[in-house]
file query37.cif (mmCIF, C-alpha atoms and all ligand atoms)
data_coords
loop_
_atom_site.label_atom_id
_atom_site.label_comp_id
_atom_site.auth_asym_id
_atom_site.auth_seq_id
_atom_site.Cartn_x
_atom_site.Cartn_y
_atom_site.Cartn_z
CA MET A 21 -26.36 3.99 30.46
CA SER A 22 -28.01 3.62 33.84
CA ALA A 23 -28.85 6.29 36.35
CA ARG A 24 -28.62 6.03 40.14
CA ARG A 25 -28.96 8.42 43.02
CA GLY A 26 -26.38 11.17 42.53
CA ARG A 27 -25.43 9.87 39.09
CA PRO A 28 -26.48 11.60 35.83
CA ALA A 29 -29.15 9.79 33.76
CA ASP A 30 -27.44 11.01 30.64
CA GLY A 31 -24.72 13.46 29.90
CA GLY A 32 -21.74 13.39 32.24
CA PRO A 33 -18.50 11.58 31.50
CA ARG A 34 -18.77 8.08 30.04
CA VAL A 35 -16.49 5.52 31.62
CA ILE A 36 -16.10 2.09 30.05
CA VAL A 37 -14.41 -0.70 32.00
CA VAL A 38 -13.48 -3.66 29.81
CA GLY A 39 -12.88 -6.94 31.65
CA ALA A 40 -14.63 -8.12 34.80
CA GLY A 41 -11.85 -9.86 36.65
CA PHE A 42 -10.36 -8.69 39.95
CA ALA A 43 -9.08 -5.48 38.37
CA GLY A 44 -12.16 -4.46 36.39
CA LEU A 45 -14.50 -5.16 39.30
CA ALA A 46 -12.32 -3.12 41.67
CA ALA A 47 -12.41 -0.23 39.18
CA VAL A 48 -16.21 -0.35 38.95
CA LYS A 49 -16.47 -0.40 42.76
CA ALA A 50 -14.18 2.64 43.02
CA LEU A 51 -16.40 4.44 40.52
CA ASP A 52 -19.54 3.56 42.49
CA ARG A 53 -20.26 7.11 43.62
CA ALA A 54 -18.62 8.88 40.67
CA ASP A 55 -20.55 11.54 38.82
CA ALA A 56 -20.30 9.48 35.64
CA GLN A 57 -22.02 6.91 33.45
CA VAL A 58 -20.20 3.64 33.98
CA MET A 59 -20.40 0.62 31.70
CA LEU A 60 -18.76 -2.75 32.36
CA VAL A 61 -18.03 -4.89 29.29
CA ASP A 62 -17.05 -8.56 29.43
CA ARG A 63 -17.13 -11.44 26.96
CA ASN A 64 -18.72 -13.59 29.67
CA ILE A 65 -21.88 -12.91 31.65
CA TYR A 66 -20.09 -13.92 34.83
CA SER A 67 -16.85 -13.14 36.63
CA THR A 68 -14.64 -16.13 37.39
CA PHE A 69 -12.77 -16.44 40.69
CA GLN A 70 -9.68 -17.98 39.10
CA PRO A 71 -7.75 -18.90 42.28
CA LEU A 72 -10.30 -21.66 43.00
CA LEU A 73 -10.36 -23.07 39.45
CA TYR A 74 -7.98 -25.81 40.45
CA GLN A 75 -10.55 -27.05 42.97
CA VAL A 76 -13.15 -27.04 40.17
CA ALA A 77 -10.81 -28.91 37.83
CA THR A 78 -10.21 -31.62 40.44
CA GLY A 79 -13.92 -32.04 41.27
CA GLY A 80 -13.94 -30.27 44.64
CA LEU A 81 -16.15 -27.34 43.63
CA ASN A 82 -18.94 -26.73 41.14
CA PRO A 83 -18.14 -24.27 38.32
CA GLY A 84 -21.06 -22.16 39.60
CA ASP A 85 -19.35 -21.82 43.01
CA VAL A 86 -16.61 -19.67 41.48
CA ALA A 87 -18.73 -17.62 39.05
CA PHE A 88 -20.70 -14.47 39.86
CA PRO A 89 -23.34 -12.84 37.58
CA LEU A 90 -22.08 -9.56 36.20
CA ARG A 91 -25.46 -7.93 35.67
CA VAL A 92 -26.09 -8.26 39.40
CA PHE A 93 -22.65 -6.86 40.25
CA ALA A 94 -23.00 -3.94 37.81
CA SER A 95 -26.43 -2.86 38.97
CA LYS A 96 -25.33 -3.07 42.62
CA HIS A 97 -22.62 -0.54 41.81
CA GLY A 98 -24.71 1.75 39.62
CA ALA A 99 -23.11 0.61 36.37
CA ARG A 100 -24.51 -1.05 33.27
CA PHE A 101 -23.27 -4.35 31.94
CA ARG A 102 -22.71 -5.18 28.30
CA HIS A 103 -22.04 -8.76 27.26
CA SER A 104 -19.58 -8.48 24.39
CA GLU A 105 -15.90 -8.49 23.51
CA LEU A 106 -13.60 -5.57 22.82
CA GLN A 107 -12.38 -5.70 19.22
CA SER A 108 -10.63 -2.40 18.54
CA ILE A 109 -9.85 0.96 20.08
CA ASP A 110 -9.91 4.32 18.31
CA ALA A 111 -7.96 6.34 20.87
CA ALA A 112 -8.03 9.58 18.85
CA GLY A 113 -11.80 9.36 18.34
CA ARG A 114 -12.33 8.07 21.92
CA ARG A 115 -14.43 5.12 20.89
CA ILE A 116 -14.25 1.34 20.99
CA THR A 117 -15.74 -1.27 18.71
CA LEU A 118 -17.11 -4.52 20.09
CA THR A 119 -17.22 -7.85 18.29
CA ASP A 120 -21.03 -7.57 18.01
CA GLY A 121 -20.48 -4.48 15.85
CA ALA A 122 -21.48 -1.90 18.48
CA VAL A 123 -19.43 1.29 18.63
CA LEU A 124 -19.26 2.95 22.07
CA ASP A 125 -17.92 6.43 22.84
CA TYR A 126 -15.97 6.97 26.03
CA ASP A 127 -14.39 9.74 28.03
CA TYR A 128 -12.31 7.30 30.06
CA LEU A 129 -11.48 3.70 29.25
CA VAL A 130 -10.16 1.10 31.70
CA LEU A 131 -8.64 -2.10 30.26
CA GLY A 132 -8.63 -5.04 32.68
CA ILE A 133 -8.69 -7.88 30.22
CA GLY A 134 -6.25 -10.25 31.94
CA VAL A 135 -3.86 -12.55 30.09
CA SER A 136 -3.82 -15.90 28.27
CA ALA A 137 -1.72 -19.06 28.64
CA ALA A 138 1.81 -18.82 27.22
CA TYR A 139 3.26 -21.90 25.61
CA TYR A 140 6.90 -21.81 26.76
CA GLY A 141 8.79 -23.43 29.65
CA VAL A 142 7.09 -25.70 32.13
CA THR A 143 5.65 -25.79 35.62
CA GLY A 144 3.06 -27.81 37.52
CA ALA A 145 -0.38 -28.91 38.69
CA ALA A 146 -1.62 -30.82 41.76
CA LEU A 147 -3.24 -33.78 40.27
CA ALA A 148 -2.00 -35.67 43.31
CA GLU A 149 -5.27 -34.84 45.11
CA LEU A 150 -7.12 -37.09 42.68
CA ARG A 151 -5.29 -39.98 44.30
CA ALA A 152 -7.77 -39.69 47.16
CA LEU A 153 -10.35 -41.28 44.85
CA ASP A 154 -9.26 -44.84 45.47
CA ASP A 155 -12.81 -45.88 46.48
CA ALA A 156 -14.25 -44.45 43.27
CA PHE A 157 -11.69 -46.17 41.03
CA PRO A 158 -10.87 -49.48 42.76
CA GLU A 159 -9.82 -50.96 39.43
CA VAL A 160 -6.91 -48.51 39.16
CA ASP A 161 -3.80 -49.85 40.84
CA ARG A 162 -1.94 -47.04 42.65
CA ALA A 163 1.29 -48.63 41.50
CA ASP A 164 0.28 -47.88 37.90
CA GLU A 165 -0.21 -44.17 38.57
CA ASN A 166 2.62 -41.80 38.03
CA ILE A 167 2.43 -38.01 38.35
CA ARG A 168 5.43 -36.04 37.16
CA LEU A 169 5.98 -32.33 37.52
CA VAL A 170 8.49 -30.84 35.11
CA GLU A 171 9.97 -27.42 35.92
CA MET A 172 12.61 -25.54 33.97
CA ALA A 173 13.81 -23.47 36.97
CA PRO A 174 16.00 -24.85 39.76
CA ALA A 175 13.15 -24.40 42.31
CA LEU A 176 9.34 -24.40 42.53
CA LEU A 177 7.32 -21.25 43.38
CA ALA A 178 9.94 -18.72 42.27
CA PRO A 179 8.60 -15.66 44.20
CA PHE A 180 8.80 -17.45 47.59
CA HIS A 181 11.62 -17.70 50.15
CA PRO A 182 13.92 -20.72 49.52
CA LYS A 183 12.69 -22.37 52.75
CA LEU A 184 9.09 -22.30 51.53
CA GLN A 185 10.19 -23.48 48.09
CA ALA A 186 11.88 -26.43 49.78
CA ASN A 187 8.75 -27.11 51.81
CA ALA A 188 6.61 -27.17 48.66
CA LEU A 189 9.03 -29.61 47.03
CA THR A 190 9.03 -31.90 50.08
CA GLU A 191 5.22 -31.84 50.31
CA LEU A 192 4.77 -32.72 46.64
CA ARG A 193 7.29 -35.54 46.88
CA ARG A 194 5.57 -36.80 50.06
CA ARG A 195 2.37 -37.00 47.99
CA GLY A 196 4.18 -39.16 45.49
CA VAL A 197 4.76 -36.54 42.79
CA ASP A 198 7.93 -37.13 40.81
CA VAL A 199 9.37 -33.60 40.51
CA HIS A 200 11.95 -32.83 37.80
CA LEU A 201 13.68 -29.47 38.35
CA ASN A 202 16.12 -27.81 35.90
CA THR A 203 14.34 -29.70 33.13
CA LYS A 204 13.27 -28.19 29.82
CA ILE A 205 10.64 -29.61 27.52
CA LYS A 206 11.32 -29.86 23.81
CA GLU A 207 8.08 -31.23 22.49
CA ILE A 208 4.65 -32.48 23.53
CA THR A 209 2.95 -35.25 21.63
CA GLU A 210 -0.39 -36.93 22.18
CA ASP A 211 1.00 -39.60 24.47
CA ARG A 212 4.34 -38.26 25.69
CA VAL A 213 6.42 -35.33 26.78
CA ILE A 214 9.84 -35.12 25.15
CA LEU A 215 12.57 -33.42 27.18
CA GLU A 216 15.40 -31.38 25.73
CA ASN A 217 17.92 -34.02 26.82
CA GLY A 218 16.06 -36.54 24.65
CA ASP A 219 14.32 -38.41 27.50
CA GLU A 220 10.66 -39.20 26.92
CA LEU A 221 7.92 -39.26 29.59
CA PRO A 222 4.86 -41.30 28.58
CA SER A 223 1.67 -39.40 29.49
CA ASP A 224 -2.08 -40.05 29.38
CA VAL A 225 -2.92 -36.57 30.64
CA THR A 226 -0.64 -33.59 30.16
CA VAL A 227 -1.41 -30.25 31.85
CA TRP A 228 0.32 -27.10 30.66
CA ALA A 229 0.63 -24.44 33.37
CA ALA A 230 3.75 -22.65 32.25
CA GLY A 231 2.89 -18.97 32.38
CA VAL A 232 0.88 -16.24 30.72
CA SER A 233 1.14 -13.52 28.08
CA GLY A 234 -1.04 -10.72 26.71
CA PRO A 235 -3.98 -11.96 24.60
CA ALA A 236 -3.20 -12.03 20.86
CA GLY A 237 -5.79 -9.36 19.95
CA VAL A 238 -4.09 -6.66 22.05
CA SER A 239 -1.41 -6.09 19.43
CA GLN A 240 -4.12 -4.76 17.07
CA TRP A 241 -5.14 -1.99 19.45
CA GLY A 242 -2.19 0.33 18.80
CA LEU A 243 -1.13 0.46 22.45
CA PRO A 244 2.50 0.07 23.63
CA GLN A 245 3.29 -3.47 24.78
CA GLY A 246 6.24 -4.59 26.88
CA HIS A 247 7.50 -7.87 28.31
CA GLY A 248 4.99 -10.72 28.04
CA GLY A 249 2.72 -8.67 25.79
CA ARG A 250 1.56 -6.55 28.75
CA ILE A 251 0.37 -2.99 28.06
CA GLU A 252 2.87 -0.36 29.25
CA VAL A 253 1.44 2.13 31.71
CA GLY A 254 2.84 5.17 33.50
CA HIS A 255 2.95 5.91 37.25
CA ASP A 256 -0.76 6.75 37.46
CA LEU A 257 -1.68 3.61 35.42
CA ARG A 258 -2.60 5.53 32.28
CA VAL A 259 -1.36 3.76 29.16
CA ALA A 260 1.91 5.28 27.96
CA GLY A 261 1.09 8.13 25.56
CA GLN A 262 -2.64 8.14 26.42
CA ASP A 263 -4.41 10.48 28.81
CA ARG A 264 -7.81 8.75 28.90
CA ILE A 265 -6.98 5.06 28.77
CA PHE A 266 -5.94 3.09 31.86
CA ALA A 267 -4.67 -0.51 31.93
CA VAL A 268 -4.96 -2.53 35.14
CA GLY A 269 -4.41 -6.02 36.52
CA ASP A 270 -2.46 -8.77 34.79
CA ILE A 271 -2.37 -6.94 31.46
CA ALA A 272 -0.68 -3.80 32.86
CA LEU A 273 3.09 -3.38 33.01
CA ILE A 274 4.26 -0.58 35.27
CA ASP A 275 7.79 0.47 34.27
CA ASP A 276 9.37 0.84 37.68
CA GLN A 277 7.09 -1.51 39.66
CA PRO A 278 6.70 -4.70 37.59
CA LEU A 279 4.09 -6.51 39.69
CA SER A 280 3.30 -10.23 39.85
CA GLN A 281 0.28 -11.32 37.84
CA VAL A 282 -1.85 -12.29 40.84
CA ALA A 283 -5.02 -11.06 42.52
CA GLN A 284 -3.76 -8.33 44.89
CA PRO A 285 -1.97 -6.21 42.26
CA ALA A 286 -5.08 -6.58 40.08
CA ILE A 287 -7.41 -5.41 42.84
CA GLN A 288 -5.16 -2.52 43.86
CA THR A 289 -4.47 -1.27 40.32
CA GLY A 290 -8.17 -1.53 39.39
CA ARG A 291 -9.18 0.44 42.47
CA HIS A 292 -6.49 3.05 41.81
CA ALA A 293 -7.59 3.58 38.20
CA GLY A 294 -11.21 4.04 39.29
CA ARG A 295 -10.16 6.59 41.90
CA GLN A 296 -8.01 8.50 39.41
CA ILE A 297 -10.93 8.80 37.03
CA VAL A 298 -13.00 10.27 39.87
CA ARG A 299 -10.19 12.79 40.47
CA LEU A 300 -9.84 13.67 36.79
CA ILE A 301 -13.59 14.20 36.44
CA ALA A 302 -13.43 16.55 39.43
CA GLY A 303 -10.63 18.49 37.70
CA ARG A 304 -7.89 17.21 40.03
CA PRO A 305 -4.62 15.67 38.81
CA ALA A 306 -4.06 11.91 38.82
CA GLN A 307 -1.82 10.46 41.54
CA PRO A 308 0.92 7.83 41.19
CA PHE A 309 0.13 4.22 42.10
CA ARG A 310 1.87 2.63 45.10
CA TYR A 311 1.56 -1.11 45.69
CA HIS A 312 0.87 -2.24 49.26
CA ASP A 313 2.48 -5.63 49.72
CA LYS A 314 0.15 -7.87 51.72
CA GLY A 315 2.24 -11.00 51.15
CA ILE A 316 1.87 -14.06 48.94
CA MET A 317 0.45 -17.54 49.43
CA ALA A 318 0.13 -20.77 47.47
CA THR A 319 -1.69 -24.00 48.20
CA ILE A 320 0.01 -27.34 47.61
CA GLY A 321 -2.86 -29.66 48.53
CA ARG A 322 -4.92 -30.75 51.51
CA ARG A 323 -3.48 -29.32 54.74
CA SER A 324 -0.48 -27.92 52.96
CA ALA A 325 0.24 -24.39 51.77
CA VAL A 326 2.96 -21.75 52.00
CA VAL A 327 2.39 -18.16 53.14
CA GLU A 328 4.93 -15.35 53.07
CA LEU A 329 3.92 -12.11 54.76
CA PRO A 330 5.74 -8.76 54.82
CA HIS A 331 8.51 -8.35 57.45
CA GLY A 332 9.80 -11.89 56.90
CA VAL A 333 6.86 -13.81 58.43
CA ARG A 334 6.68 -17.26 56.85
CA ILE A 335 4.15 -20.03 57.55
CA HIS A 336 3.62 -23.48 56.05
CA GLY A 337 1.57 -26.58 56.74
CA THR A 338 -1.99 -26.77 58.12
CA LEU A 339 -2.10 -23.22 59.50
CA ALA A 340 -0.99 -21.78 56.16
CA TRP A 341 -3.54 -23.96 54.37
CA LEU A 342 -6.39 -22.77 56.63
CA ALA A 343 -5.29 -19.16 56.06
CA TRP A 344 -5.26 -19.77 52.30
CA LEU A 345 -8.72 -21.33 52.41
CA GLY A 346 -10.22 -18.64 54.66
CA LEU A 347 -8.87 -15.79 52.56
CA HIS A 348 -10.08 -17.30 49.30
CA LEU A 349 -13.57 -17.86 50.70
CA PHE A 350 -13.56 -14.28 52.00
CA TYR A 351 -12.73 -12.84 48.58
CA LEU A 352 -15.19 -15.06 46.70
CA LEU A 353 -18.04 -12.93 45.37
CA GLY A 354 -21.57 -13.65 46.58
CA GLY A 355 -22.88 -15.08 49.86
CA ARG A 356 -24.30 -18.16 48.16
CA ASN A 357 -20.99 -18.91 46.45
CA ARG A 358 -19.16 -18.57 49.76
CA LEU A 359 -21.56 -20.93 51.50
CA SER A 360 -21.60 -23.57 48.79
CA ALA A 361 -17.81 -23.41 48.35
CA MET A 362 -17.32 -23.76 52.10
CA LEU A 363 -19.74 -26.70 52.22
CA ASN A 364 -18.22 -28.45 49.21
CA LEU A 365 -14.63 -27.99 50.38
CA SER A 366 -15.43 -29.00 53.97
CA TYR A 367 -17.20 -32.11 52.73
CA ARG A 368 -14.34 -32.93 50.43
CA TYR A 369 -11.59 -32.55 52.99
CA LEU A 370 -13.48 -34.03 55.95
CA ILE A 371 -14.33 -37.28 54.19
CA TRP A 372 -10.92 -37.37 52.54
CA GLY A 373 -9.91 -40.72 51.07
CA HIS A 374 -13.46 -42.10 50.77
CA GLY A 375 -14.08 -41.16 47.17
CA GLY A 376 -17.38 -39.32 47.77
CA GLY A 377 -15.81 -35.89 48.00
CA VAL A 378 -15.70 -35.40 44.27
CA ILE A 379 -18.23 -33.52 42.15
CA VAL A 380 -18.98 -35.05 38.77
CA GLY A 381 -20.70 -33.70 35.67
CA ASP A 382 -20.74 -33.87 31.91
CA ASP A 383 -17.62 -32.97 30.01
CA PRO A 384 -17.59 -29.30 29.01
CA PRO A 385 -17.98 -28.50 25.29
CA ALA A 386 -14.94 -29.66 23.34
CA ALA A 387 -13.43 -26.21 22.99
CA LEU A 388 -13.64 -23.28 25.39
CA PRO A 389 -11.81 -20.67 23.31
CA GLY A 390 -10.51 -17.96 25.54
CA GLY A 391 -12.36 -19.50 28.49
CA PRO A 392 -10.78 -19.18 31.89
CA ALA A 393 -10.31 -22.84 32.78
CA GLN A 394 -8.36 -24.81 30.27
CA LEU A 395 -6.47 -28.00 30.67
CA VAL A 396 -4.30 -27.97 27.60
CA PRO A 397 -1.35 -29.94 26.30
CA GLY A 398 1.61 -29.13 28.43
CA ALA A 399 3.78 -29.71 31.35
CA ALA A 400 2.59 -31.78 34.28
CA ALA A 401 2.34 -35.31 33.08
CA GLY A 402 0.17 -37.89 34.81
CA SER A 403 0.45 -41.36 33.43
CA ARG A 404 -0.86 -44.81 34.13
CA GLN A 405 1.50 -47.43 32.87
CA PRO A 406 -0.23 -50.27 31.05
CA PRO A 407 -0.37 -53.46 33.14
CA PRO A 408 2.41 -55.86 32.26
C1 LIG B 501 -5.99 -21.35 37.69
C2 LIG B 501 -5.54 -20.06 38.30
C3 LIG B 501 -5.24 -20.00 39.65
C4 LIG B 501 -4.81 -18.82 40.24
N1 LIG B 501 -4.56 -18.78 41.58
C5 LIG B 501 -4.25 -17.61 42.18
C6 LIG B 501 -4.07 -17.53 43.59
O1 LIG B 501 -4.19 -18.53 44.31
N2 LIG B 501 -3.77 -16.31 44.13
C7 LIG B 501 -3.65 -15.19 43.36
O2 LIG B 501 -3.43 -14.10 43.89
N3 LIG B 501 -3.81 -15.24 42.02
C8 LIG B 501 -4.10 -16.41 41.41
N4 LIG B 501 -4.26 -16.47 40.05
C9 LIG B 501 -4.02 -15.24 39.26
C10 LIG B 501 -5.21 -14.30 39.34
O3 LIG B 501 -6.41 -15.01 39.14
C11 LIG B 501 -5.02 -13.21 38.29
O4 LIG B 501 -3.83 -12.52 38.59
C12 LIG B 501 -6.19 -12.25 38.29
O5 LIG B 501 -7.37 -12.95 37.93
C13 LIG B 501 -5.94 -11.11 37.32
O6 LIG B 501 -7.05 -10.29 37.34
P1 LIG B 501 -7.42 -9.41 36.06
O7 LIG B 501 -8.63 -8.63 36.45
O8 LIG B 501 -6.23 -8.66 35.59
O9 LIG B 501 -7.76 -10.44 34.91
P2 LIG B 501 -8.80 -11.63 34.87
O10 LIG B 501 -9.22 -12.04 36.24
O11 LIG B 501 -8.20 -12.67 33.99
O12 LIG B 501 -10.08 -11.00 34.17
C14 LIG B 501 -10.06 -10.59 32.84
C15 LIG B 501 -11.49 -10.44 32.37
O13 LIG B 501 -11.47 -9.82 31.08
C16 LIG B 501 -12.39 -10.48 30.21
N5 LIG B 501 -11.90 -10.23 28.86
C17 LIG B 501 -10.72 -10.61 28.33
N6 LIG B 501 -10.57 -10.14 27.09
C18 LIG B 501 -11.70 -9.43 26.83
C19 LIG B 501 -12.16 -8.69 25.70
N7 LIG B 501 -11.41 -8.55 24.58
N8 LIG B 501 -13.37 -8.10 25.77
C20 LIG B 501 -14.15 -8.22 26.89
N9 LIG B 501 -13.76 -8.91 27.99
C21 LIG B 501 -12.55 -9.51 27.95
C22 LIG B 501 -12.36 -11.92 30.68
O14 LIG B 501 -13.55 -12.60 30.34
C23 LIG B 501 -12.21 -11.77 32.21
O15 LIG B 501 -13.46 -11.69 32.85
C24 LIG B 501 -4.68 -17.65 39.43
C25 LIG B 501 -4.98 -17.70 38.06
C26 LIG B 501 -5.40 -18.90 37.50
C27 LIG B 501 -5.73 -18.94 36.02
#
call {"tool": "encode", "arguments": {"input": "query37.cif", "output": "structure tokens", "more": "lines below"}}
Ligand SMILES: Cc1cc2nc3c(=O)[nH]c(=O)nc-3n(C[C@H](O)[C@H](O)[C@H](O)COP(=O)(O)OP(=O)(O)OC[C@H]3O[C@@H](n4cnc5c(N)ncnc54)[C@H](O)[C@@H]3O)c2cc1C
result
Amino acid sequence: MSARRGRPADGGPRVIVVGAGFAGLAAVKALDRADAQVMLVDRNIYSTFQPLLYQVATGGLNPGDVAFPLRVFASKHGARFRHSELQSIDAAGRRITLTDGAVLDYDYLVLGIGVSAAYYGVTGAALAELRALDDAFPEVDRADENIRLVEMAPALLAPFHPKLQANALTELRRRGVDVHLNTKIKEITEDRVILENGDELPSDVTVWAAGVSGPAGVSQWGLPQGHGGRIEVGHDLRVAGQDRIFAVGDIALIDDQPLSQVAQPAIQTGRHAGRQIVRLIAGRPAQPFRYHDKGIMATIGRRSAVVELPHGVRIHGTLAWLAWLGLHLFYLLGGRNRLSAMLNLSYRYLIWGHGGGVIVGDDPPAALPGGPAQLVPGAAAGSRQPPP
């Protein structure tokens, strides 16, 4: 493992952080000045800024705008990067095995491996922004387009205040999205979505965005799993029954503080785990984790978002959208990514409705197993009815 000023070239505790999402990166940053050898392991050579994937999927951003090279990140923080995938954990022997066959010993292990799509229930997408491409597809009659959003719950955006939920619903309907609440899906076929009440919705493109669960491989690791396949952790974020393994981010389930699977809890838990390892190495006891609520926000489309801050502050509309955009650009890793994302999004939204604001490219390889951006069979159905 690497050496840096104030960090041992060899010897010293070995810390392995698996997963380079919000949580894993925050852990590595917190370990920056630790008297330890830190290794970051990820199955990709880049970290993906998932909150802007929807803009990539709808042609507003390049994939490269939301990806940051992990070797650069690791070396900046005095860690080493290993491109591989965690296969198994030998907690008693304090070692992990990677899918490339390598066996790595650790003194402390941080698991920030995120979650995968879960195939139950239904919620939505924002395909409505593609309607701004009228100039690019003059042959498509708007009257033939039909975007439906099917949601099992009685409201959209469950964690938000009912007023903001109502605003989101109004905004989507204003954009021509046909929203079906209290509606459960029974089956998805190649060209239709079949509802539990027997109704059928014809669909050319179906997007499943219904929730997440722990990746399948986790159950082989011998760690306790709770609701949604998340790994159960104690107050200080150490995995229940383990004194040297932490779980952070989306994959962690804290008994008395079940946190939403979004960026802030991931960042805060990752940072906390890193800091606790520093304390443990120094011979001090670990401290309990406390979540600092900074509020929640969601974008609905151009000039429309909802923001809910602590102490009952609620914003929607253009101001909320600008806040959403500014915050996401701020958190994006890398100056070049920030600049190119700002340029691409400004161009897209300033020339709105003239078709040129879309980025095109070749289709990705047919399958992206385990990849972060997947449009898969599912819930939001966009259909073009055949001309009579
Ligand atoms: C499309 C989309 C939009 C979102 N929008 C928002 C938003 O607007 N606001 C918000 O707050 N949150 C949003 N989220 C949620 C947010 O992105 C997640 O909560 C956050 O990324 C969780 O961070 P994490 O570090 O726990 O996991 P992740 O960011 O998922 O990172 C996990 C990492 O682990 C790696 N990995 C997984 N398994 C292994 C393995 N076995 N071995 C090695 N590496 C492995 C993966 O490659 C990945 O790099 C969105 C998520 C998605 C998918």
call {"tool": "atom_distance", "arguments": {"input": "query37.cif", "atom1": "atom CA of A:Ala94", "atom2": "atom CA of A:Arg310"}}
result
26.7 Å
call {"tool": "residues_near_point", "arguments": {"input": "query37.cif", "point": "(0.0, -1.6, 22.0)", "cutoff": "12 Å", "atoms": "all atoms listed in the file", "output": "ChimeraX atom specification"}}
result
/A:108-109,111,131,234-247,249-253,259-262,265,267,271-273
call {"tool": "closest_residue", "arguments": {"input": "query37.cif", "among": "A:Ile320, A:Ala286, A:Leu51, A:Leu124", "to": "ligand LIG 501 (chain B)", "atoms": "all atoms listed in the file"}}
result
A:Ala286
call {"tool": "residues_near_ligand", "arguments": {"input": "query37.cif", "ligand": "ligand LIG 501 (chain B)", "cutoff": "7 Å", "atoms": "only C-alpha atoms and all ligand atoms", "output": "number ranges by chain"}}
result
A: 38-44, 61-64, 67-74, 104-107, 132-135, 268-271, 281-284, 286, 317-318, 392-393
call {"tool": "write_last_selection", "arguments": {"input": "query37.cif", "atoms": "C-alpha atoms", "output": "tab-separated table (two decimals), in the coordinates of the input"}}
result
chain	number	residue	atom	x	y	z
A	38	VAL	CA	-13.48	-3.66	29.81
A	39	GLY	CA	-12.88	-6.94	31.65
A	40	ALA	CA	-14.63	-8.12	34.80
A	41	GLY	CA	-11.85	-9.86	36.65
A	42	PHE	CA	-10.36	-8.69	39.95
A	43	ALA	CA	-9.08	-5.48	38.37
A	44	GLY	CA	-12.16	-4.46	36.39
A	61	VAL	CA	-18.03	-4.89	29.29
A	62	ASP	CA	-17.05	-8.56	29.43
A	63	ARG	CA	-17.13	-11.44	26.96
A	64	ASN	CA	-18.72	-13.59	29.67
A	67	SER	CA	-16.85	-13.14	36.63
A	68	THR	CA	-14.64	-16.13	37.39
A	69	PHE	CA	-12.77	-16.44	40.69
A	70	GLN	CA	-9.68	-17.98	39.10
A	71	PRO	CA	-7.75	-18.90	42.28
A	72	LEU	CA	-10.30	-21.66	43.00
A	73	LEU	CA	-10.36	-23.07	39.45
A	74	TYR	CA	-7.98	-25.81	40.45
A	104	SER	CA	-19.58	-8.48	24.39
A	105	GLU	CA	-15.90	-8.49	23.51
A	106	LEU	CA	-13.60	-5.57	22.82
A	107	GLN	CA	-12.38	-5.70	19.22
A	132	GLY	CA	-8.63	-5.04	32.68
A	133	ILE	CA	-8.69	-7.88	30.22
A	134	GLY	CA	-6.25	-10.25	31.94
A	135	VAL	CA	-3.86	-12.55	30.09
A	268	VAL	CA	-4.96	-2.53	35.14
A	269	GLY	CA	-4.41	-6.02	36.52
A	270	ASP	CA	-2.46	-8.77	34.79
A	271	ILE	CA	-2.37	-6.94	31.46
A	281	GLN	CA	0.28	-11.32	37.84
A	282	VAL	CA	-1.85	-12.29	40.84
A	283	ALA	CA	-5.02	-11.06	42.52
A	284	GLN	CA	-3.76	-8.33	44.89
A	286	ALA	CA	-5.08	-6.58	40.08
A	317	MET	CA	0.45	-17.54	49.43
A	318	ALA	CA	0.13	-20.77	47.47
A	392	PRO	CA	-10.78	-19.18	31.89
A	393	ALA	CA	-10.31	-22.84	32.78
call {"tool": "atom_distance", "arguments": {"input": "query37.cif", "atom1": "atom CA of A:Glu165", "atom2": "atom CA of A:Val326"}}
result
26.3 Å
call {"tool": "closest_residue", "arguments": {"input": "query37.cif", "among": "A:Ala122, A:Leu60, A:Arg291, A:Leu352", "to": "A:Ser95", "atoms": "all atoms listed in the file"}}
result
A:Leu60
call {"tool": "atom_distance", "arguments": {"input": "query37.cif", "atom1": "atom CA of A:Pro33", "atom2": "atom CA of A:Tyr128"}}
result
7.7 Å
call {"tool": "residues_around", "arguments": {"input": "query37.cif", "residues": "stretch 193-203 of chain A", "least_positions_apart": "4", "cutoff": "6 Å", "atoms": "all atoms listed in the file", "output": "PyMOL selection string"}}
result
chain A and resi 167-174
call {"tool": "residues_near_point", "arguments": {"input": "query37.cif", "point": "(-9.1, -17.4, 51.9)", "cutoff": "12 Å", "atoms": "all atoms listed in the file", "output": "list in words"}}
result
Phe69, Pro71, Leu72, Ile316, Met317, Ala318, Thr319, Ala325, Val327, Leu339, Ala340, Trp341, Leu342, Ala343, Trp344, Leu345, Gly346, Leu347, His348, Leu349, Phe350, Tyr351, Leu352, Leu353, Arg358, Ala361 and Met362 of chain A
call {"tool": "closest_residue", "arguments": {"input": "query37.cif", "among": "A:Val48, A:Leu363, A:Ala163, A:Ile214", "to": "A:Gly98", "atoms": "only C-alpha atoms"}}
result
A:Val48
call {"tool": "closest_residue", "arguments": {"input": "query37.cif", "among": "A:Arg323, A:Gly337, A:Gly315, A:Ala137", "to": "A:Pro179", "atoms": "only C-alpha atoms"}}
result
A:Gly315
